[in-house]
Amino acid sequence: MSRVQKNENENDQAGELRSRIERQKAKSSLPKRSKVHQNKKKKSKVKKFPMIQLLALFFILLPIGFYTLYTYLQGRPVPVVKSDQVVFSEESIPTTATADDLNEKESAKAKAEKEKEEAEEKAEAQKEAKEKAKAQKEADEKAKAQREAEEKAKVQREAEEKAKAQREAEEKAKAQQIADEKAKKAETEKQKASENVQAAKPDKEGYKVVLHTVQGEETLFRISMNYYKSQEGIALIREWNGLNGNEISKGQVLKIPIKK
């Protein structure tokens, strides 16, 4: 083995020995785990309490600072800037030119306010006029619609009355026509009966008279059929007995004319 290699081996052994010694020292110098935890709790408490105190102090001083700034600004004089000069309204007395400028400014301001008020009044008047016109228009439209509805109802009512009058006139005319037809028919029947009587009225000398006593439920038609075998004898029986109609009663004695 050469001398160089021997030195390197010695150096490696010496370094390994030193590292072992240092590890043992470090291991022997480490604190206990319970002590480490206690130190951590103390550090966290130390860090926590100063932060809370700082925040509390900040929130206490913040409104005080705002109030101080507000008081300072309220007590500070307001500068009036005009023509490159700063004139304090409370301490300095304005010159004549400045007073004139102020008067002009105030008059201009008053004029502007007056014009603004006039414009507002004009706008309000225009608004009221528009609303009034709108209300008037709505009222006119409502009145027009009401008039149209009334006229329509009137026309409808007149049409219904006219139709009713027409129906009544038609019914009246129809009733009159029926009455006329009835009267005409009655007159025709009467005339026909008279003609039949006149035609059936023979000379009384050519007939013999048979007396017939009316039995119950007998009629001129049945009596005529019994004696004449037809209803033509009804008129003859009525003529001989002076009857105006076909009504007869039980027990009544009728003259029945029979040809010889």
# chains A, B, ... in the order shown; residues from 1 in each chain; ligands from 1

$ residues_around --residues "Tyr227 (chain A)" --least-positions-apart "4" --cutoff "12 Å" --atoms "only C-alpha atoms" --output "compact mmCIF listing (two decimals) with all heavy atoms, in the first residue's frame"
# COMPACT_ATOMS: atom_id res chain seq x y z
N VAL A 209 -198.94 15.66 -41.37
CA VAL A 209 -198.11 15.94 -40.20
C VAL A 209 -198.16 14.77 -39.24
O VAL A 209 -199.27 14.29 -38.91
CB VAL A 209 -198.57 17.24 -39.50
CG1 VAL A 209 -197.75 17.48 -38.25
CG2 VAL A 209 -198.46 18.41 -40.44
N VAL A 210 -196.99 14.33 -38.78
CA VAL A 210 -196.87 13.27 -37.79
C VAL A 210 -196.22 13.91 -36.56
O VAL A 210 -195.18 14.57 -36.66
CB VAL A 210 -196.01 12.11 -38.31
CG1 VAL A 210 -195.86 11.05 -37.23
CG2 VAL A 210 -196.63 11.51 -39.54
N LEU A 211 -196.80 13.70 -35.42
CA LEU A 211 -196.25 14.24 -34.17
C LEU A 211 -195.23 13.26 -33.60
O LEU A 211 -195.51 12.07 -33.46
CB LEU A 211 -197.38 14.50 -33.17
CG LEU A 211 -198.42 15.54 -33.61
CD1 LEU A 211 -199.53 15.64 -32.57
CD2 LEU A 211 -197.80 16.90 -33.86
N HIS A 212 -194.08 13.78 -33.25
CA HIS A 212 -192.97 12.94 -32.73
C HIS A 212 -192.51 13.51 -31.39
O HIS A 212 -192.19 14.70 -31.28
CB HIS A 212 -191.80 12.91 -33.71
CG HIS A 212 -190.65 12.13 -33.19
ND1 HIS A 212 -190.61 10.75 -33.23
CD2 HIS A 212 -189.48 12.55 -32.59
CE1 HIS A 212 -189.49 10.35 -32.72
NE2 HIS A 212 -188.77 11.44 -32.32
N LEU A 220 -181.87 16.14 -34.14
CA LEU A 220 -182.59 16.39 -35.39
C LEU A 220 -182.03 15.53 -36.50
O LEU A 220 -182.75 15.08 -37.40
CB LEU A 220 -182.50 17.87 -35.76
CG LEU A 220 -183.36 18.84 -34.94
CD1 LEU A 220 -183.13 20.27 -35.40
CD2 LEU A 220 -184.84 18.50 -35.04
N PHE A 221 -180.74 15.28 -36.44
CA PHE A 221 -180.10 14.45 -37.47
C PHE A 221 -180.66 13.03 -37.42
O PHE A 221 -181.00 12.44 -38.44
CB PHE A 221 -178.59 14.45 -37.26
CG PHE A 221 -177.85 13.58 -38.22
CD1 PHE A 221 -177.63 13.99 -39.53
CD2 PHE A 221 -177.40 12.32 -37.82
CE1 PHE A 221 -176.96 13.16 -40.42
CE2 PHE A 221 -176.74 11.51 -38.71
CZ PHE A 221 -176.51 11.93 -40.01
N ARG A 222 -180.75 12.48 -36.19
CA ARG A 222 -181.26 11.10 -36.07
C ARG A 222 -182.74 11.03 -36.48
O ARG A 222 -183.17 10.08 -37.15
CB ARG A 222 -181.08 10.63 -34.63
CG ARG A 222 -181.51 9.19 -34.40
CD ARG A 222 -181.21 8.75 -32.99
NE ARG A 222 -179.75 8.66 -32.79
CZ ARG A 222 -179.20 8.27 -31.65
NH1 ARG A 222 -179.97 7.97 -30.60
NH2 ARG A 222 -177.90 8.18 -31.54
N ILE A 223 -183.53 12.07 -36.06
CA ILE A 223 -184.96 12.08 -36.42
C ILE A 223 -185.12 12.17 -37.93
O ILE A 223 -185.96 11.50 -38.56
CB ILE A 223 -185.67 13.23 -35.70
CG1 ILE A 223 -185.65 12.98 -34.17
CG2 ILE A 223 -187.11 13.38 -36.19
CD1 ILE A 223 -186.08 14.17 -33.36
N GLN A 231 -180.25 13.73 -44.24
CA GLN A 231 -180.24 14.90 -43.36
C GLN A 231 -180.92 16.12 -43.99
O GLN A 231 -180.93 17.19 -43.39
CB GLN A 231 -178.79 15.27 -43.01
CG GLN A 231 -177.93 15.61 -44.21
CD GLN A 231 -176.49 15.94 -43.80
OE1 GLN A 231 -176.16 15.89 -42.62
NE2 GLN A 231 -175.68 16.26 -44.77
N GLU A 232 -181.49 15.94 -45.16
CA GLU A 232 -182.18 17.06 -45.79
C GLU A 232 -183.48 17.41 -45.05
O GLU A 232 -184.00 18.52 -45.19
CB GLU A 232 -182.52 16.71 -47.24
CG GLU A 232 -181.28 16.56 -48.12
CD GLU A 232 -181.65 16.15 -49.54
OE1 GLU A 232 -182.86 15.97 -49.78
OE2 GLU A 232 -180.72 16.07 -50.37
N GLY A 233 -184.00 16.49 -44.24
CA GLY A 233 -185.24 16.78 -43.52
C GLY A 233 -185.04 17.66 -42.33
O GLY A 233 -186.03 18.12 -41.72
N ILE A 234 -183.76 17.94 -41.94
CA ILE A 234 -183.49 18.80 -40.78
C ILE A 234 -184.09 20.18 -41.01
O ILE A 234 -184.77 20.74 -40.14
CB ILE A 234 -181.98 18.88 -40.51
CG1 ILE A 234 -181.44 17.50 -40.09
CG2 ILE A 234 -181.67 19.89 -39.41
CD1 ILE A 234 -179.96 17.43 -39.95
N LEU A 236 -186.45 21.01 -43.00
CA LEU A 236 -187.92 20.94 -43.07
C LEU A 236 -188.52 20.86 -41.67
O LEU A 236 -189.53 21.55 -41.37
CB LEU A 236 -188.33 19.71 -43.90
CG LEU A 236 -189.81 19.62 -44.31
CD1 LEU A 236 -190.22 20.83 -45.13
CD2 LEU A 236 -190.06 18.34 -45.10
N ILE A 237 -187.92 20.04 -40.80
CA ILE A 237 -188.42 19.93 -39.42
C ILE A 237 -188.29 21.27 -38.71
O ILE A 237 -189.18 21.70 -37.95
CB ILE A 237 -187.66 18.82 -38.68
CG1 ILE A 237 -187.97 17.44 -39.30
CG2 ILE A 237 -188.01 18.79 -37.20
CD1 ILE A 237 -187.09 16.33 -38.82
N LYS A 255 -193.40 18.46 -35.00
CA LYS A 255 -194.23 18.17 -36.18
C LYS A 255 -193.32 17.64 -37.26
O LYS A 255 -192.38 18.31 -37.65
CB LYS A 255 -194.94 19.42 -36.66
CG LYS A 255 -195.94 19.98 -35.66
CD LYS A 255 -196.53 21.28 -36.19
CE LYS A 255 -197.49 21.92 -35.17
NZ LYS A 255 -198.06 23.18 -35.69
N ILE A 256 -193.60 16.46 -37.77
CA ILE A 256 -192.78 15.86 -38.81
C ILE A 256 -193.67 15.84 -40.09
O ILE A 256 -194.60 15.03 -40.20
CB ILE A 256 -192.36 14.44 -38.45
CG1 ILE A 256 -191.66 14.42 -37.07
CG2 ILE A 256 -191.43 13.87 -39.53
CD1 ILE A 256 -190.42 15.23 -36.98
N PRO A 257 -193.32 16.74 -41.05
CA PRO A 257 -194.12 16.75 -42.28
C PRO A 257 -193.65 15.63 -43.23
O PRO A 257 -192.46 15.48 -43.50
CB PRO A 257 -193.82 18.12 -42.87
CG PRO A 257 -192.47 18.48 -42.37
CD PRO A 257 -192.36 17.82 -41.02
N ILE A 258 -194.63 14.87 -43.69
CA ILE A 258 -194.33 13.77 -44.62
C ILE A 258 -195.23 13.94 -45.82
O ILE A 258 -196.43 14.21 -45.71
CB ILE A 258 -194.60 12.42 -43.93
CG1 ILE A 258 -193.65 12.29 -42.69
CG2 ILE A 258 -194.37 11.27 -44.88
CD1 ILE A 258 -193.92 11.08 -41.87
N LYS A 259 -194.58 13.79 -47.00
CA LYS A 259 -195.35 13.95 -48.25
C LYS A 259 -196.44 12.89 -48.33
O LYS A 259 -196.25 11.75 -47.93
CB LYS A 259 -194.42 13.81 -49.46
CG LYS A 259 -193.51 15.00 -49.64
CD LYS A 259 -192.67 14.84 -50.87
CE LYS A 259 -191.75 16.00 -51.08
NZ LYS A 259 -190.96 15.87 -52.32

$ atom_distance --atom1 "CA of Asn103 (chain A)" --atom2 "CA of Glu115 (chain A)"
17.7 Å

$ atom_distance --atom1 "CA of Ile64 (chain A)" --atom2 "CA of Met51 (chain A)"
20.4 Å

$ closest_residue --among "A:Lys111, A:Lys260, A:Lys105, A:Lys134" --to "Gly206 (chain A)" --atoms "only C-alpha atoms"
A:Lys260

$ atom_distance --atom1 "CA of Leu243 (chain A)" --atom2 "CA of Lys182 (chain A)"
23.0 Å

$ residues_around --residues "Gln252 (chain A)" --least-positions-apart "4" --cutoff "9 Å" --atoms "only C-alpha atoms" --output "JSON, numbers by chain"
{"A": [212, 213, 214, 215, 248]}
